[in-house]
Amino acid sequence: MSESAETPALPKVRIATTSLAGCFGCHMSFLDIDERILDLMKIAEFDRSPITDIKHCSPCDIALIEGGVCNAENAHVLREMRANAKILVAIGACAINGGLPAMRNRLDVGDILNEVYRDLDGVQSHVPNDPELPLLFDKVYPVNEVVRVDYFIPGCPPSADAIWKYLNDLILGRMPRLDHSLLHYD
Amino acid sequence: MSDTSEVVLQALERRRAEPTQLLQILREVQEELDWISPETTHSVAAGLGIPATQVESVVQFYSFLYEQPRGRYRILVSDNITDRMLGSLTLFEHMLKRLKLRRAEASADGAVSVDLTSCTGMCDQGPALLVNNRPVTRLTARRVDEICDLVRGDVPLAEWPADYFRVEDNIRRADALLGSRYEPGSGLRAAIALGRQGMLDEMKRSNLRGRGGAGFATAVKWESCRNAPGAERYIVCNADEGEPGTFKDRVLLTSFAERIFEGMAIAGFTVGAANGLLYLRGEYRYLLEPLEAKLESMRRDRRLGASICGAQGFDFDIEIHLGAGAYICGEESALIESLEGKPGKPRIRPPFPVTAGYLGKPTVVNNVETLVEATVVALQGGRIFAGHGTRHSAGTKILSVSGDCARPGIYEYPFGVRVEQVLKDCGAADVVAVQISGPSGICLTPDEFRRHIAFEDVPTAGAFMIFGKERDLFEVARNFTYFFAHESCGFCTPCRVGTTLMRDALDKIADGRGSRYEINELMRLAELLRRTSHCGLGQTAGNPVRDTWLKFRPAYERRLIRGDFDPAVDLDAALTRAREIAGRDDAGAHIGAEQ
């Protein structure tokens, strides 16, 4: 047997993650894969993510998006992730449906801002208008209404096992599939 | 005593204060009071000894029952694709404008409301509308103006020109069923002469299959019901003809009612049932009085009641129940739920109705046309009946032909007729597609017009909608998808959510924001609905989109964007309100389109 038969090492899979209008619960759940993250690091590396603190996304294989789209910054981040990722995954209830933050969708965003900022006696009497602050959208939108989404991992949050299974399927080129045991919450 | 409680009390009394009559009671009360007020809900609940929530669940389920005042004139414009092809939407908008109304909102003086409704079964004489459940056919701009004047003048419906309410049979081709002379009572006497077992044997020989679409062997259904344990049995006639584009049962109910009733009695005789129920769709409310009169006269001639035609032990009578605007009630187990006064949600089967149907008793549910065919079998015998049609589809089939053709109406053919033959007979030229058996059926293109109408090739419940070369099949599919999203009963998630997602994706494409992504989503959803829905509604709801994507792909493609994806929302517009409140207009307060 010749030595050249050895499989050449595959380039590492590059993963980016972000939390938009979410609670970071999906990221926490992702960290719950515990020591399996060491196995993951043998075949993958992180791009933009709270784990690396890289601020902007560069070309990558998989982008995991937590949370819905509630303000202009969310939309910019999401677009950047989409432009750079081969596969974009919406993870968790907020990314898929808007989730809890979307409970404000029944109300007028102007009324909400007034209620929160303007009517505070003696503390503050105007809605913040600093150009550094991202403006709120009229509603919180699910990710798939703003960019194309390739896969959805349901759950609030999805369990570490569900995320682990899904990521492994994606990395190994299998159609991701979660069994009932990874999908039910009662 | 207030008006409301008096009306409720009378309805309760007429309906023996039975909870199974809840839907009928509400329908009758609304005819008097124009809507179901909280006061009505509570008196009905108290009168029946059931929770108010149970009454509310029924009111909320049925489109024709109103929890909010909708005016003394409640106008519903039929929104089938065939109505649209005749200009119904323009007339609808015109009517709203003339009456200064918004869709589905009652006018300030409480006089009138105007809304859309699913197909009213007047496709061969549309566009059509219902005013307080009475059909007005052949609408024109002039007729709409006249109706607006009558409404504004507060003219009672009884004084409107009778011509408005004229409904034609339009029988264009008659065969063994529509073309034969029928002597009243002859079917009953023939069945009595054959005896119960003899009649069942003839049914078996006839190979008669159900005409409602599924094509189940009628004799097998009757025999299973007869053999099911239980003392009481029921025969139910399914006259909830809701499949858009179908109107043949309306014609049978108008001009062949006695044969339907005799068919029901023959079924009762054969399986040993003494009770018959006819479930009439709410859109055909105008047929109730004529049908009741027919029942009365049949009782007088001993063709219904005790010892029918003098045969000892042959007792059978029929009660008519009305629906209230729910397509799903055409599904037999949903229909039975509705007969029991509940929201029409399909049951989990088995058990099948033949063993546990109405009130849990063995029940035969047959289509109107099937029951009329039973009288033909009784008279001719099964062998002659089986001699017509094709090997697996005995007898004839009544088609409801509508759309782009010179002579829309009712056509009866022996099974096996080619689609192109029907098109020739009804005077259709330059046809690009025919939708067979309604939205849940199949869309055929010219290369398939040599196919046969029969269970072994193209099965049908009767609808035959023709689309000429000017028609846009994308809009056809969108209309059908709206129909399913509206009619989904909400019981199972794939159908409740899936039909709405499909509708929204089609809207996005229609809006010029759709891409291949939406197409992929539509195909995935259609497959998901087919595999996981609880009943036929959801299982077939994706058919129109799948068929038209396969056969009319360019109609979709010319609407798709060149790019990969377009947001469903205009993001910059979605920032407008926040810009206003924060008083900002800097570059960061805007978000452009993606590069």
# chains A, B, ... in the order shown; residues from 1 in each chain; ligands from 1
call {"tool": "residues_around", "arguments": {"residues": "stretch 28-45 of chain A", "least_positions_apart": "5", "cutoff": "9 Å", "atoms": "only C-alpha atoms", "output": "PyMOL selection string"}}
result
chain A and resi 10-16+157-161+163-164+168+171
call {"tool": "interface_residues", "arguments": {"of": "chain A", "to": "chain B", "cutoff": "10 Å", "atoms": "only C-alpha atoms", "output": "PyMOL selection string"}}
result
chain A and resi 71-73+75-76+79-80+83+108-114+126-141+143-150
call {"tool": "closest_residue", "arguments": {"among": "B:Val458, B:Val136, B:Leu444, B:Ala526", "to": "B:Val417", "atoms": "only C-alpha atoms"}}
result
B:Val458
call {"tool": "select_by_dssp", "arguments": {"residues": "stretch 312-502 of chain B", "states": "alpha helix (DSSP H)", "output": "ChimeraX atom specification"}}
result
/B:332-339,368-380,382-386,419-425,473-487,493-502
call {"tool": "atom_distance", "arguments": {"atom1": "atom CA of B:Gly126", "atom2": "atom CA of B:Glu289"}}
result
23.3 Å
